[in-house]
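So this one's data.pdb, PDB, C-alpha atoms:
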ATOM      1  CA  MET A   1      25.493  10.505   8.311
ATOM      2  CA  ALA A   2      22.738   8.483  10.039
ATOM      3  CA  PHE A   3      20.108  10.752   8.492
ATOM      4  CA  LEU A   4      21.712  10.517   5.044
ATOM      5  CA  SER A   5      21.671   6.716   5.295
ATOM      6  CA  LEU A   6      17.869   6.874   5.613
ATOM      7  CA  LEU A   7      17.662   8.644   2.260
ATOM      8  CA  ARG A   8      19.409   5.771   0.501
ATOM      9  CA  PRO A   9      16.751   3.679  -1.287
ATOM     10  CA  ASP A  10      16.452   0.040  -0.239
ATOM     11  CA  ARG A  11      17.248  -2.842  -2.577
ATOM     12  CA  PHE A  12      13.628  -3.432  -3.467
ATOM     13  CA  THR A  13      13.162   0.183  -4.559
ATOM     14  CA  ILE A  14      16.289  -0.110  -6.702
ATOM     15  CA  ALA A  15      14.881  -3.331  -8.163
ATOM     16  CA  LEU A  16      11.585  -1.561  -8.962
ATOM     17  CA  VAL A  17      13.377   1.233 -10.807
ATOM     18  CA  ALA A  18      15.628  -1.228 -12.651
ATOM     19  CA  THR A  19      12.603  -3.317 -13.664
ATOM     20  CA  ALA A  20      10.767  -0.243 -14.971
ATOM     21  CA  ILE A  21      13.834   0.744 -17.027
ATOM     22  CA  LEU A  22      14.265  -2.795 -18.381
ATOM     23  CA  ALA A  23      10.579  -2.944 -19.362
ATOM     24  CA  THR A  24      10.861   0.395 -21.128
ATOM     25  CA  VAL A  25      13.856  -0.758 -23.162
ATOM     26  CA  LEU A  26      12.799  -4.393 -23.622
ATOM     27  CA  PRO A  27       9.032  -4.835 -23.164
ATOM     28  CA  ALA A  28       7.245  -8.185 -23.459
ATOM     29  CA  THR A  29       5.750  -8.381 -26.942
ATOM     30  CA  GLY A  30       4.181 -10.954 -29.211
ATOM     31  CA  GLY A  31       3.617 -14.399 -27.687
ATOM     32  CA  ALA A  32       5.588 -13.522 -24.543
ATOM     33  CA  ALA A  33       2.957 -11.041 -23.326
ATOM     34  CA  PRO A  34       0.078 -13.516 -22.716
ATOM     35  CA  ILE A  35       2.460 -16.010 -21.096
ATOM     36  CA  LEU A  36       3.732 -13.299 -18.762
ATOM     37  CA  LYS A  37       0.134 -12.353 -17.940
ATOM     38  CA  MET A  38      -0.634 -15.961 -16.943
ATOM     39  CA  VAL A  39       2.454 -16.098 -14.733
ATOM     40  CA  ILE A  40       1.389 -12.828 -13.091
ATOM     41  CA  VAL A  41      -2.098 -14.204 -12.317
ATOM     42  CA  GLY A  42      -0.536 -17.253 -10.627
ATOM     43  CA  SER A  43       1.999 -15.177  -8.694
ATOM     44  CA  ILE A  44      -0.733 -12.848  -7.371
ATOM     45  CA  ALA A  45      -2.760 -15.815  -6.121
ATOM     46  CA  LEU A  46       0.325 -17.308  -4.441
ATOM     47  CA  LEU A  47       1.266 -13.956  -2.899
ATOM     48  CA  PHE A  48      -2.092 -13.536  -1.155
ATOM     49  CA  PHE A  49      -2.287 -17.228  -0.224
ATOM     50  CA  LEU A  50       0.969 -16.861   1.702
ATOM     51  CA  GLN A  51      -0.200 -13.578   3.253
ATOM     52  CA  GLY A  52      -3.295 -15.358   4.542
ATOM     53  CA  ALA A  53      -1.185 -18.180   5.971
ATOM     54  CA  ARG A  54       1.047 -15.665   7.790
ATOM     55  CA  LEU A  55      -1.866 -13.816   9.410
ATOM     56  CA  SER A  56      -2.168 -14.743  13.097
ATOM     57  CA  ARG A  57      -5.735 -15.106  14.379
ATOM     58  CA  LYS A  58      -4.540 -14.597  17.955
ATOM     59  CA  ALA A  59      -2.994 -11.242  17.049
ATOM     60  CA  ILE A  60      -6.225 -10.201  15.334
ATOM     61  CA  ILE A  61      -8.320 -11.060  18.400
ATOM     62  CA  GLN A  62      -5.855  -9.277  20.683
ATOM     63  CA  GLY A  63      -5.944  -6.129  18.609
ATOM     64  CA  ALA A  64      -9.658  -6.162  17.818
ATOM     65  CA  ILE A  65     -10.638  -4.794  21.228
ATOM     66  CA  HIS A  66      -9.268  -1.361  20.283
ATOM     67  CA  TRP A  67     -12.297  -0.467  18.148
ATOM     68  CA  ARG A  68     -11.842   3.302  18.476
ATOM     69  CA  LEU A  69      -8.312   2.983  17.149
ATOM     70  CA  HIS A  70      -9.492   0.896  14.185
ATOM     71  CA  LEU A  71     -12.182   3.439  13.339
ATOM     72  CA  MET A  72      -9.508   6.136  13.255
ATOM     73  CA  VAL A  73      -7.325   4.097  10.891
ATOM     74  CA  PHE A  74     -10.326   3.256   8.703
ATOM     75  CA  ALA A  75     -11.334   6.937   8.534
ATOM     76  CA  ALA A  76      -7.814   8.004   7.555
ATOM     77  CA  THR A  77      -7.441   5.258   4.927
ATOM     78  CA  PHE A  78     -10.868   5.246   3.281
ATOM     79  CA  ILE A  79     -12.292   8.710   4.042
ATOM     80  CA  LEU A  80      -9.493  11.252   4.549
ATOM     81  CA  PHE A  81      -7.213   9.952   1.791
ATOM     82  CA  PRO A  82     -10.028   9.694  -0.811
ATOM     83  CA  ILE A  83     -11.159  13.257  -0.049
ATOM     84  CA  LEU A  84      -7.604  14.512  -0.576
ATOM     85  CA  GLY A  85      -7.313  12.437  -3.762
ATOM     86  CA  LEU A  86     -10.538  13.846  -5.174
ATOM     87  CA  LEU A  87      -9.435  17.412  -4.397
ATOM     88  CA  THR A  88      -6.098  16.761  -6.116
ATOM     89  CA  LYS A  89      -7.718  15.238  -9.189
ATOM     90  CA  THR A  90     -10.303  18.015  -9.422
ATOM     91  CA  TYR A  91      -7.970  20.984  -9.136
ATOM     92  CA  LEU A  92      -4.637  19.711 -10.474
ATOM     93  CA  GLN A  93      -5.428  17.185 -13.211
ATOM     94  CA  SER A  94      -4.999  19.852 -15.902
ATOM     95  CA  TYR A  95      -1.365  20.268 -14.785
ATOM     96  CA  LEU A  96      -0.552  16.538 -14.906
ATOM     97  CA  ALA A  97       0.016  14.097 -17.755
ATOM     98  CA  PRO A  98      -2.955  11.896 -18.723
ATOM     99  CA  GLY A  99      -3.387   8.990 -16.322
ATOM    100  CA  ILE A 100      -1.207  10.445 -13.552
ATOM    101  CA  ALA A 101      -4.100  12.304 -11.880
ATOM    102  CA  LEU A 102      -6.129   9.100 -11.977
ATOM    103  CA  GLY A 103      -3.118   7.302 -10.487
ATOM    104  CA  ILE A 104      -3.074   9.727  -7.548
ATOM    105  CA  LEU A 105      -6.787   9.104  -6.991
ATOM    106  CA  TYR A 106      -6.185   5.344  -7.139
ATOM    107  CA  LEU A 107      -3.342   5.699  -4.627
ATOM    108  CA  CYS A 108      -5.707   7.446  -2.208
ATOM    109  CA  PHE A 109      -8.296   4.655  -2.476
ATOM    110  CA  LEU A 110      -5.848   1.881  -1.582
ATOM    111  CA  PRO A 111      -5.674   0.072   1.792
ATOM    112  CA  SER A 112      -2.855   0.425   4.280
ATOM    113  CA  THR A 113       0.264  -1.726   4.183
ATOM    114  CA  ILE A 114       0.690  -4.653   6.554
ATOM    115  CA  GLN A 115       4.422  -5.274   6.836
ATOM    116  CA  SER A 116       5.767  -1.719   7.039
ATOM    117  CA  SER A 117       2.886  -0.476   9.230
ATOM    118  CA  ILE A 118       3.593  -3.186  11.795
ATOM    119  CA  THR A 119       7.375  -2.805  11.495
ATOM    120  CA  PHE A 120       7.380   0.957  12.054
ATOM    121  CA  THR A 121       4.839   0.646  14.888
ATOM    122  CA  SER A 122       7.125  -1.879  16.576
ATOM    123  CA  ILE A 123      10.258   0.265  16.091
ATOM    124  CA  ALA A 124       8.428   3.288  17.506
ATOM    125  CA  GLY A 125       7.231   1.394  20.578
ATOM    126  CA  GLY A 126       3.581   1.510  19.582
ATOM    127  CA  ASN A 127       0.621  -0.839  19.992
ATOM    128  CA  VAL A 128       1.755  -3.670  17.730
ATOM    129  CA  ALA A 129      -1.248  -5.964  18.312
ATOM    130  CA  ALA A 130      -3.650  -3.202  17.279
ATOM    131  CA  ALA A 131      -1.463  -2.362  14.267
ATOM    132  CA  VAL A 132      -1.589  -6.004  13.128
ATOM    133  CA  CYS A 133      -5.375  -5.981  13.367
ATOM    134  CA  SER A 134      -5.873  -2.594  11.683
ATOM    135  CA  ALA A 135      -3.445  -3.171   8.833
ATOM    136  CA  SER A 136      -4.771  -6.677   8.149
ATOM    137  CA  ALA A 137      -8.403  -5.558   8.235
ATOM    138  CA  SER A 138      -7.563  -2.621   5.965
ATOM    139  CA  ASN A 139      -6.070  -4.960   3.359
ATOM    140  CA  VAL A 140      -9.040  -7.336   3.408
ATOM    141  CA  LEU A 141     -11.547  -4.453   3.182
ATOM    142  CA  GLY A 142      -9.469  -2.837   0.459
ATOM    143  CA  VAL A 143     -10.092  -5.783  -1.859
ATOM    144  CA  PHE A 144     -13.743  -4.666  -1.943
ATOM    145  CA  LEU A 145     -13.564  -0.936  -1.202
ATOM    146  CA  THR A 146     -10.787   0.057  -3.613
ATOM    147  CA  PRO A 147     -12.548  -1.175  -6.785
ATOM    148  CA  LEU A 148     -15.928   0.059  -5.516
ATOM    149  CA  LEU A 149     -14.569   3.536  -4.810
ATOM    150  CA  MET A 150     -12.795   3.643  -8.172
ATOM    151  CA  GLY A 151     -15.968   2.484  -9.900
ATOM    152  CA  PHE A 152     -18.008   5.179  -8.190
ATOM    153  CA  PHE A 153     -15.665   8.072  -8.914
ATOM    154  CA  MET A 154     -14.078   7.162 -12.252
ATOM    155  CA  GLN A 155     -15.411   9.311 -15.054
ATOM    156  CA  THR A 156     -13.791   7.372 -17.898
ATOM    157  CA  GLN A 157     -14.225   3.883 -19.345
ATOM    158  CA  GLY A 158     -17.615   3.464 -17.666
ATOM    159  CA  GLY A 159     -16.175   2.906 -14.221
ATOM    160  CA  VAL A 160     -15.105  -0.460 -12.819
ATOM    161  CA  SER A 161     -17.221  -3.442 -13.835
ATOM    162  CA  PHE A 162     -18.590  -6.133 -11.552
ATOM    163  CA  GLU A 163     -16.573  -8.582 -13.640
ATOM    164  CA  ALA A 164     -13.362  -6.824 -12.535
ATOM    165  CA  ILE A 165     -14.485  -7.015  -8.900
ATOM    166  CA  GLY A 166     -15.196 -10.715  -9.378
ATOM    167  CA  GLU A 167     -11.673 -11.211 -10.759
ATOM    168  CA  ILE A 168     -10.226  -9.468  -7.716
ATOM    169  CA  VAL A 169     -12.212 -11.728  -5.402
ATOM    170  CA  LEU A 170     -11.017 -14.857  -7.251
ATOM    171  CA  GLN A 171      -7.384 -13.803  -7.624
ATOM    172  CA  ILE A 172      -6.865 -12.119  -4.265
ATOM    173  CA  LEU A 173      -9.531 -12.726  -1.617
ATOM    174  CA  VAL A 174     -10.146 -16.436  -2.267
ATOM    175  CA  PRO A 175      -6.412 -17.367  -2.085
ATOM    176  CA  PHE A 176      -6.052 -15.134   0.996
ATOM    177  CA  LEU A 177      -8.916 -16.895   2.804
ATOM    178  CA  LEU A 178      -7.659 -20.337   1.753
ATOM    179  CA  GLY A 179      -4.212 -19.517   3.075
ATOM    180  CA  HIS A 180      -5.631 -18.329   6.386
ATOM    181  CA  LEU A 181      -7.833 -21.413   6.732
ATOM    182  CA  MET A 182      -4.777 -23.597   6.131
ATOM    183  CA  ARG A 183      -2.670 -21.707   8.676
ATOM    184  CA  PRO A 184      -3.004 -24.465  11.352
ATOM    185  CA  TRP A 185      -1.196 -26.853   8.989
ATOM    186  CA  ILE A 186       1.188 -24.625   7.035
ATOM    187  CA  GLY A 187       1.505 -21.505   9.218
ATOM    188  CA  GLN A 188       4.705 -22.562  10.992
ATOM    189  CA  TRP A 189       6.263 -23.741   7.709
ATOM    190  CA  VAL A 190       5.539 -20.351   6.142
ATOM    191  CA  GLU A 191       6.860 -18.468   9.202
ATOM    192  CA  ARG A 192      10.134 -20.405   9.058
ATOM    193  CA  ARG A 193      10.598 -19.486   5.398
ATOM    194  CA  ARG A 194      10.174 -15.743   5.472
ATOM    195  CA  MET A 195      12.902 -15.310   2.863
ATOM    196  CA  LEU A 196      10.980 -17.537   0.434
ATOM    197  CA  THR A 197       7.690 -15.725   1.039
ATOM    198  CA  GLY A 198       9.491 -12.383   0.681
ATOM    199  CA  ILE A 199      10.803 -13.487  -2.712
ATOM    200  CA  VAL A 200       7.263 -14.419  -3.780
ATOM    201  CA  ASP A 201       5.873 -11.064  -2.570
ATOM    202  CA  ARG A 202       8.509  -8.956  -4.267
ATOM    203  CA  GLY A 203       8.733 -11.195  -7.316
ATOM    204  CA  ALA A 204       5.004 -10.847  -8.022
ATOM    205  CA  ILE A 205       5.208  -7.062  -7.766
ATOM    206  CA  LEU A 206       8.285  -6.894 -10.009
ATOM    207  CA  LEU A 207       6.563  -9.041 -12.644
ATOM    208  CA  ILE A 208       3.528  -6.741 -12.663
ATOM    209  CA  VAL A 209       5.728  -3.637 -12.810
ATOM    210  CA  TYR A 210       7.649  -5.135 -15.743
ATOM    211  CA  TYR A 211       4.432  -5.933 -17.599
ATOM    212  CA  ALA A 212       2.827  -2.567 -16.797
ATOM    213  CA  PHE A 213       5.778  -0.409 -17.759
ATOM    214  CA  GLY A 214       6.386  -2.487 -20.873
ATOM    215  CA  GLU A 215       2.828  -1.779 -22.012
ATOM    216  CA  ALA A 216       3.241   1.881 -21.004
ATOM    217  CA  ALA A 217       6.389   2.141 -23.123
ATOM    218  CA  ILE A 218       4.591   0.621 -26.101
ATOM    219  CA  GLU A 219       1.770   3.141 -25.641
ATOM    220  CA  GLY A 220       4.270   6.039 -25.376
ATOM    221  CA  LEU A 221       3.852   6.972 -21.682
ATOM    222  CA  TRP A 222       7.349   8.441 -21.345
ATOM    223  CA  HIS A 223       6.788  10.688 -24.349
ATOM    224  CA  GLN A 224       3.742  12.120 -22.559
ATOM    225  CA  LEU A 225       5.627  12.840 -19.314
ATOM    226  CA  GLU A 226       7.722  15.960 -18.845
ATOM    227  CA  PRO A 227      10.237  16.680 -16.050
ATOM    228  CA  ARG A 228       7.700  19.005 -14.419
ATOM    229  CA  ASP A 229       5.250  16.074 -14.165
ATOM    230  CA  MET A 230       7.701  14.084 -12.054
ATOM    231  CA  ILE A 231       8.597  17.091  -9.913
ATOM    232  CA  LEU A 232       4.948  17.924  -9.320
ATOM    233  CA  LEU A 233       4.209  14.281  -8.519
ATOM    234  CA  VAL A 234       6.961  14.147  -5.883
ATOM    235  CA  VAL A 235       5.758  17.427  -4.332
ATOM    236  CA  LEU A 236       2.145  16.222  -4.291
ATOM    237  CA  SER A 237       3.178  12.939  -2.634
ATOM    238  CA  CYS A 238       5.098  14.804   0.082
ATOM    239  CA  VAL A 239       2.220  17.215   0.713
ATOM    240  CA  LEU A 240      -0.328  14.396   0.765
ATOM    241  CA  LEU A 241       1.692  12.410   3.301
ATOM    242  CA  ALA A 242       2.390  15.493   5.444
ATOM    243  CA  VAL A 243      -1.319  16.421   5.616
ATOM    244  CA  VAL A 244      -2.357  12.893   6.624
ATOM    245  CA  LEU A 245       0.405  12.627   9.238
ATOM    246  CA  PHE A 246      -0.584  15.988  10.733
ATOM    247  CA  ILE A 247      -4.313  15.178  10.850
ATOM    248  CA  THR A 248      -3.901  11.661  12.272
ATOM    249  CA  THR A 249      -1.442  12.866  14.922
ATOM    250  CA  THR A 250      -3.573  15.850  15.939
ATOM    251  CA  ALA A 251      -6.824  13.859  15.996
ATOM    252  CA  SER A 252      -5.237  11.072  18.071
ATOM    253  CA  ARG A 253      -4.134  13.557  20.718
ATOM    254  CA  LEU A 254      -7.407  15.499  20.755
ATOM    255  CA  LEU A 255      -9.366  12.262  21.217
ATOM    256  CA  GLY A 256      -7.220  11.194  24.154
ATOM    257  CA  PHE A 257      -5.396   8.183  22.714
ATOM    258  CA  SER A 258      -2.244   7.026  24.467
ATOM    259  CA  THR A 259       1.090   7.605  22.758
ATOM    260  CA  ARG A 260       1.374   3.924  21.847
ATOM    261  CA  ASP A 261      -2.077   3.912  20.277
ATOM    262  CA  GLU A 262      -1.249   7.171  18.508
ATOM    263  CA  VAL A 263       1.793   5.487  16.957
ATOM    264  CA  ALA A 264      -0.359   2.679  15.526
ATOM    265  CA  ILE A 265      -2.924   5.154  14.181
ATOM    266  CA  VAL A 266      -0.294   7.368  12.546
ATOM    267  CA  PHE A 267       1.654   4.560  10.879
ATOM    268  CA  CYS A 268      -1.340   2.437   9.811
ATOM    269  CA  GLY A 269      -3.406   5.444   8.721
ATOM    270  CA  SER A 270      -0.718   7.115   6.608
ATOM    271  CA  LYS A 271       0.465   4.116   4.557
ATOM    272  CA  LYS A 272      -0.641   2.918   1.145
ATOM    273  CA  SER A 273       0.006  -0.642   0.050
ATOM    274  CA  LEU A 274       2.241  -1.289  -2.940
ATOM    275  CA  GLY A 275       1.758  -5.025  -2.386
ATOM    276  CA  SER A 276      -2.029  -4.790  -2.794
ATOM    277  CA  GLY A 277      -2.145  -1.779  -5.090
ATOM    278  CA  VAL A 278      -0.086  -3.175  -7.958
ATOM    279  CA  PRO A 279      -1.998  -6.500  -8.243
ATOM    280  CA  ILE A 280      -5.401  -4.780  -7.987
ATOM    281  CA  ALA A 281      -4.400  -2.243 -10.650
ATOM    282  CA  SER A 282      -3.376  -5.080 -12.977
ATOM    283  CA  ILE A 283      -6.967  -6.374 -12.791
ATOM    284  CA  LEU A 284      -8.894  -3.084 -12.743
ATOM    285  CA  PHE A 285      -7.224  -1.166 -15.558
ATOM    286  CA  PRO A 286      -6.274  -1.836 -19.184
ATOM    287  CA  ALA A 287      -2.640  -2.857 -19.604
ATOM    288  CA  SER A 288      -1.845   0.378 -21.453
ATOM    289  CA  MET A 289      -2.920   2.452 -18.420
ATOM    290  CA  ILE A 290      -1.298   0.496 -15.579
ATOM    291  CA  GLY A 291       2.140   2.135 -15.849
ATOM    292  CA  ALA A 292       0.731   5.645 -15.392
ATOM    293  CA  ILE A 293      -1.647   4.447 -12.660
ATOM    294  CA  ILE A 294       1.010   2.828 -10.456
ATOM    295  CA  LEU A 295       3.737   5.467 -10.970
ATOM    296  CA  PRO A 296       2.346   7.732  -8.186
ATOM    297  CA  LEU A 297       2.084   4.683  -5.912
ATOM    298  CA  MET A 298       5.719   3.706  -6.495
ATOM    299  CA  LEU A 299       6.901   7.234  -5.649
ATOM    300  CA  PHE A 300       4.645   7.537  -2.618
ATOM    301  CA  HIS A 301       5.849   4.133  -1.401
ATOM    302  CA  GLN A 302       9.473   5.287  -1.234
ATOM    303  CA  ILE A 303       8.601   8.663   0.303
ATOM    304  CA  GLN A 304       6.463   7.090   3.044
ATOM    305  CA  LEU A 305       9.291   4.702   3.961
ATOM    306  CA  LEU A 306      11.838   7.517   4.241
ATOM    307  CA  VAL A 307       9.589   9.809   6.283
ATOM    308  CA  CYS A 308       8.257   7.085   8.579
ATOM    309  CA  ALA A 309      11.766   5.787   9.284
ATOM    310  CA  VAL A 310      12.671   9.202  10.725
ATOM    311  CA  LEU A 311       9.322   9.512  12.504
ATOM    312  CA  ALA A 312       9.649   6.043  14.068
ATOM    313  CA  ARG A 313      12.962   7.012  15.660
ATOM    314  CA  ALA A 314      11.427  10.147  17.148
ATOM    315  CA  TYR A 315       8.492   8.167  18.539
ATOM    316  CA  ALA A 316      10.846   5.505  19.921
ATOM    317  CA  GLU A 317      12.598   8.096  22.068
ATOM    318  CA  ARG A 318       9.247   9.394  23.307
ATOM    319  CA  THR A 319       7.613   6.016  24.069
ATOM    320  CA  GLY A 320      10.823   4.753  25.652
ATOM    321  CA  ARG A 321      10.539   7.459  28.309
ATOM    322  CA  GLU A 322       6.911   6.609  29.168
ATOM    323  CA  PRO A 323       5.999   3.832  31.619
ATOM    324  CA  LYS A 324       3.796   1.197  29.963
ATOM    325  CA  SER A 325       1.545   1.052  32.998
ATOM    326  CA  ALA A 326       0.425   4.614  32.270
ATOM    327  CA  GLU A 327      -1.062   3.616  28.926
ATOM    328  CA  PRO A 328      -4.860   3.765  28.903
ATOM    329  CA  ALA A 329      -6.908   1.300  26.891
ATOM    330  CA  GLY A 330      -7.275   2.807  23.415
TER
END
How would this structure read if it were set down as structure tokens?
Amino acid sequence: MAFLSLLRPDRFTIALVATAILATVLPATGGAAPILKMVIVGSIALLFFLQGARLSRKAIIQGAIHWRLHLMVFAATFILFPILGLLTKTYLQSYLAPGIALGILYLCFLPSTIQSSITFTSIAGGNVAAAVCSASASNVLGVFLTPLLMGFFMQTQGGVSFEAIGEIVLQILVPFLLGHLMRPWIGQWVERRRMLTGIVDRGAILLIVYYAFGEAAIEGLWHQLEPRDMILLVVLSCVLLAVVLFITTTASRLLGFSTRDEVAIVFCGSKKSLGSGVPIASILFPASMIGAIILPLMLFHQIQLLVCAVLARAYAERTGREPKSAEPAG
């Protein structure tokens, strides 16, 4: 029964599915669409402003000394994943609906998550300080690397323009940096209101999903998808996650990392950020394409949570039996 409870989707996943269904049945049209777009732009800026205010500089400095660990996470996130994404797009795009193969590639170019990477690392008894540093650095680098990688490898629509990158900097990086600079004054206020900041985070994502799937419905996305597309997408997500988990775990052990460092590498290196991926997609791609682009990300997001919840419990038993004094510097 405990295992079956892990398979039950969380409330946010249910909200994502419900929002996608609502947008399909009742999309924003006419004058409502540009108003919704303006609200989305503001919510994205607020989301990353609050993320910057929550980011602890002390935790970053503490974790930054584990440079070998961070290189491993960086390699998994921005080298291993993109290679797997390119292989998938090259050899399987003819079997997938238009836009879905590009969505898988986009998924593989995204940064790691912050919240779930740190949470699972903590549950598993891993190196939390290093996880905070790696996941945070991955998200900041992803603002630049994700659009650059997409621009380099996209074969349609002339790639990603510098104007789109500039929009990402203005809508995401600038608010993030402002929030972090204001942390001495507002950091404690933000920390005490985690429920409010959680509503902003999830609310911004739900708004973008509603807008994206509404546009996708207008453009006929669901008429292009067949049941086999969804089945193949789920299988590909599971295989992709399994390969990355195997490689990061094996490499961590071969390179002599401690178990606690291995935990941080595995959980930070195998995640892909829904929180960053959806806002960036809303800037990079035309509205008609966003639904197909983020569909693989939404599926992968749920699968990674289910698998990592089970994996974190297994790691917790292992790290709980090891004395902390035996842990070498990673």
Exercise: Gly126 of chain A partners within 12 Å, all atoms listed in the file, chain neighbours under 4 positions left out, as a VMD selection string: chain A and resid 117 to 122 130 to 132 257 to 268 312 to 320 322 324 327 330
In Å to one decimal, how far is atom CA of Val278 of chain A from atom CA of Gly203 of chain A? 11.9 Å
Between atom CA of Thr77 of chain A and atom CA of Pro111 of chain A lies a distance of 6.3 Å
Here's a test: counting all atoms listed in the file, identify every protein, DNA and RNA residue with an atom at most 7 Å from (-2.1, -1.4, 6.1) in the file's coordinate frame, and state them as a list of chain:residue names.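 Nearby residues: A:Pro111, A:Ser112, A:Thr113, A:Ile114, A:Ser117, A:Ser134, A:Ala135, A:Ser136, A:Ser138, A:Asn139, A:Cys268, A:Lys271, A:Lys272, A:Ser273.
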Please produce a file of those selected residues containing C-alpha atoms, as a short mmCIF file (atom, residue, chain, number, x, y, z; two decimals), in the coordinates of the input.
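In the end it all went to out.cif:
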data_model
loop_
_atom_site.label_atom_id
_atom_site.label_comp_id
_atom_site.auth_asym_id
_atom_site.auth_seq_id
_atom_site.Cartn_x
_atom_site.Cartn_y
_atom_site.Cartn_z
CA PRO A 111 -5.67 0.07 1.79
CA SER A 112 -2.86 0.42 4.28
CA THR A 113 0.26 -1.73 4.18
CA ILE A 114 0.69 -4.65 6.55
CA SER A 117 2.89 -0.48 9.23
CA SER A 134 -5.87 -2.59 11.68
CA ALA A 135 -3.44 -3.17 8.83
CA SER A 136 -4.77 -6.68 8.15
CA SER A 138 -7.56 -2.62 5.96
CA ASN A 139 -6.07 -4.96 3.36
CA CYS A 268 -1.34 2.44 9.81
CA LYS A 271 0.46 4.12 4.56
CA LYS A 272 -0.64 2.92 1.14
CA SER A 273 0.01 -0.64 0.05
#
Please identify all polymer residues within 12 Å of His223 of chain A, counting only C-alpha atoms, omitting same-chain residues fewer than 6 positions from it, and present them as a PDB file with C-alpha atoms, keeping the file's coordinate frame.
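selection.pdb, written as the output of this step:
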ATOM      1  CA  THR A  24      10.861   0.395 -21.128  1.00  0.00           C
ATOM      2  CA  ALA A  97       0.016  14.097 -17.755  1.00  0.00           C
ATOM      3  CA  PRO A  98      -2.955  11.896 -18.723  1.00  0.00           C
ATOM      4  CA  ALA A 216       3.241   1.881 -21.004  1.00  0.00           C
ATOM      5  CA  ALA A 217       6.389   2.141 -23.123  1.00  0.00           C
ATOM      6  CA  ASP A 229       5.250  16.074 -14.165  1.00  0.00           C
ATOM      7  CA  ALA A 292       0.731   5.645 -15.392  1.00  0.00           C
TER       8      ALA A 292
END
Could you tell me which of A:Leu107, A:Ala124, A:Ile100, A:Ala281 comes closest to Gln224 of chain A if we count all atoms listed in the file? A:Ile100
Non-local contacts of segment 241-256 of chain A (8 Å; all atoms listed in the file; under 3 positions in same chain excluded) as a VMD selection string: chain A and resid 72 76 80 to 81 237 to 238 262 265 to 266 269 to 270 304
Restricting the calculation to only C-alpha atoms: of A:Pro147, A:Ala28, A:Ala309, A:Leu173, which residue gets closest to Tyr210 of chain A?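 Residue with the minimum atom-to-atom distance to Tyr210 of chain A: A:Ala28.
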Closest of A:Phe49, A:Trp185, A:Phe74, A:Tyr106 to Ile294 of chain A, counting all atoms listed in the file, is A:Tyr106
Long-range neighbours of segment 285-291 of chain A as a list of chain:residue names, 7 Å cut-off, all atoms listed in the file, 4 positions minimum in chain: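 Residues near the query, excluding close chain neighbours: A:Gly99, A:Ala212, A:Phe213, A:Glu215, A:Ala216, A:Glu219, A:Ala281, A:Leu295.
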For Tyr95 of chain A, which of A:Phe153, A:Ala23, A:Leu236, A:Val73 is the closest residue, counting only C-alpha atoms?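 Of all the options, A:Leu236 lies closest to Tyr95 of chain A.
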Of the candidates A:Pro279, A:Pro27, A:Gly166, A:Pro296, which one gets nearest to Phe144 of chain A if we count only C-alpha atoms?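 Among the listed residues, the smallest separation from Phe144 of chain A belongs to A:Gly166.
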Between A:Leu102, A:Ala204, A:Ile79, A:Leu305, which one has atoms that come closest to Lys37 of chain A, using all atoms listed in the file? A:Ala204
Since the input lacks some atoms of segment 169-179 of chain A, please model N, CA and C atoms and print them as a PDB file, keeping the file's coordinate frame.
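Wrote part_3.pdb, looks like this:
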ATOM      1  N   VAL A 169     -11.823 -10.768  -6.434  1.00  0.00           N
ATOM      2  CA  VAL A 169     -12.212 -11.728  -5.402  1.00  0.00           C
ATOM      3  C   VAL A 169     -11.554 -13.081  -5.660  1.00  0.00           C
ATOM      4  N   LEU A 170     -11.576 -13.548  -6.917  1.00  0.00           N
ATOM      5  CA  LEU A 170     -11.017 -14.857  -7.251  1.00  0.00           C
ATOM      6  C   LEU A 170      -9.494 -14.885  -7.152  1.00  0.00           C
ATOM      7  N   GLN A 171      -8.845 -13.805  -7.586  1.00  0.00           N
ATOM      8  CA  GLN A 171      -7.384 -13.803  -7.624  1.00  0.00           C
ATOM      9  C   GLN A 171      -6.736 -13.401  -6.308  1.00  0.00           C
ATOM     10  N   ILE A 172      -7.469 -12.650  -5.484  1.00  0.00           N
ATOM     11  CA  ILE A 172      -6.865 -12.119  -4.265  1.00  0.00           C
ATOM     12  C   ILE A 172      -7.541 -12.637  -3.004  1.00  0.00           C
ATOM     13  N   LEU A 173      -8.855 -12.396  -2.871  1.00  0.00           N
ATOM     14  CA  LEU A 173      -9.531 -12.726  -1.617  1.00  0.00           C
ATOM     15  C   LEU A 173      -9.635 -14.227  -1.397  1.00  0.00           C
ATOM     16  N   VAL A 174     -10.006 -14.980  -2.433  1.00  0.00           N
ATOM     17  CA  VAL A 174     -10.146 -16.436  -2.267  1.00  0.00           C
ATOM     18  C   VAL A 174      -8.819 -17.081  -1.854  1.00  0.00           C
ATOM     19  N   PRO A 175      -7.690 -16.801  -2.552  1.00  0.00           N
ATOM     20  CA  PRO A 175      -6.412 -17.367  -2.085  1.00  0.00           C
ATOM     21  C   PRO A 175      -6.043 -16.904  -0.675  1.00  0.00           C
ATOM     22  N   PHE A 176      -6.355 -15.650  -0.345  1.00  0.00           N
ATOM     23  CA  PHE A 176      -6.052 -15.134   0.996  1.00  0.00           C
ATOM     24  C   PHE A 176      -6.807 -15.939   2.062  1.00  0.00           C
ATOM     25  N   LEU A 177      -8.101 -16.150   1.845  1.00  0.00           N
ATOM     26  CA  LEU A 177      -8.916 -16.895   2.804  1.00  0.00           C
ATOM     27  C   LEU A 177      -8.470 -18.354   2.883  1.00  0.00           C
ATOM     28  N   LEU A 178      -8.142 -18.956   1.746  1.00  0.00           N
ATOM     29  CA  LEU A 178      -7.659 -20.337   1.753  1.00  0.00           C
ATOM     30  C   LEU A 178      -6.363 -20.460   2.543  1.00  0.00           C
ATOM     31  N   GLY A 179      -5.468 -19.500   2.333  1.00  0.00           N
ATOM     32  CA  GLY A 179      -4.212 -19.517   3.075  1.00  0.00           C
ATOM     33  C   GLY A 179      -4.431 -19.392   4.570  1.00  0.00           C
TER      34      GLY A 179
END
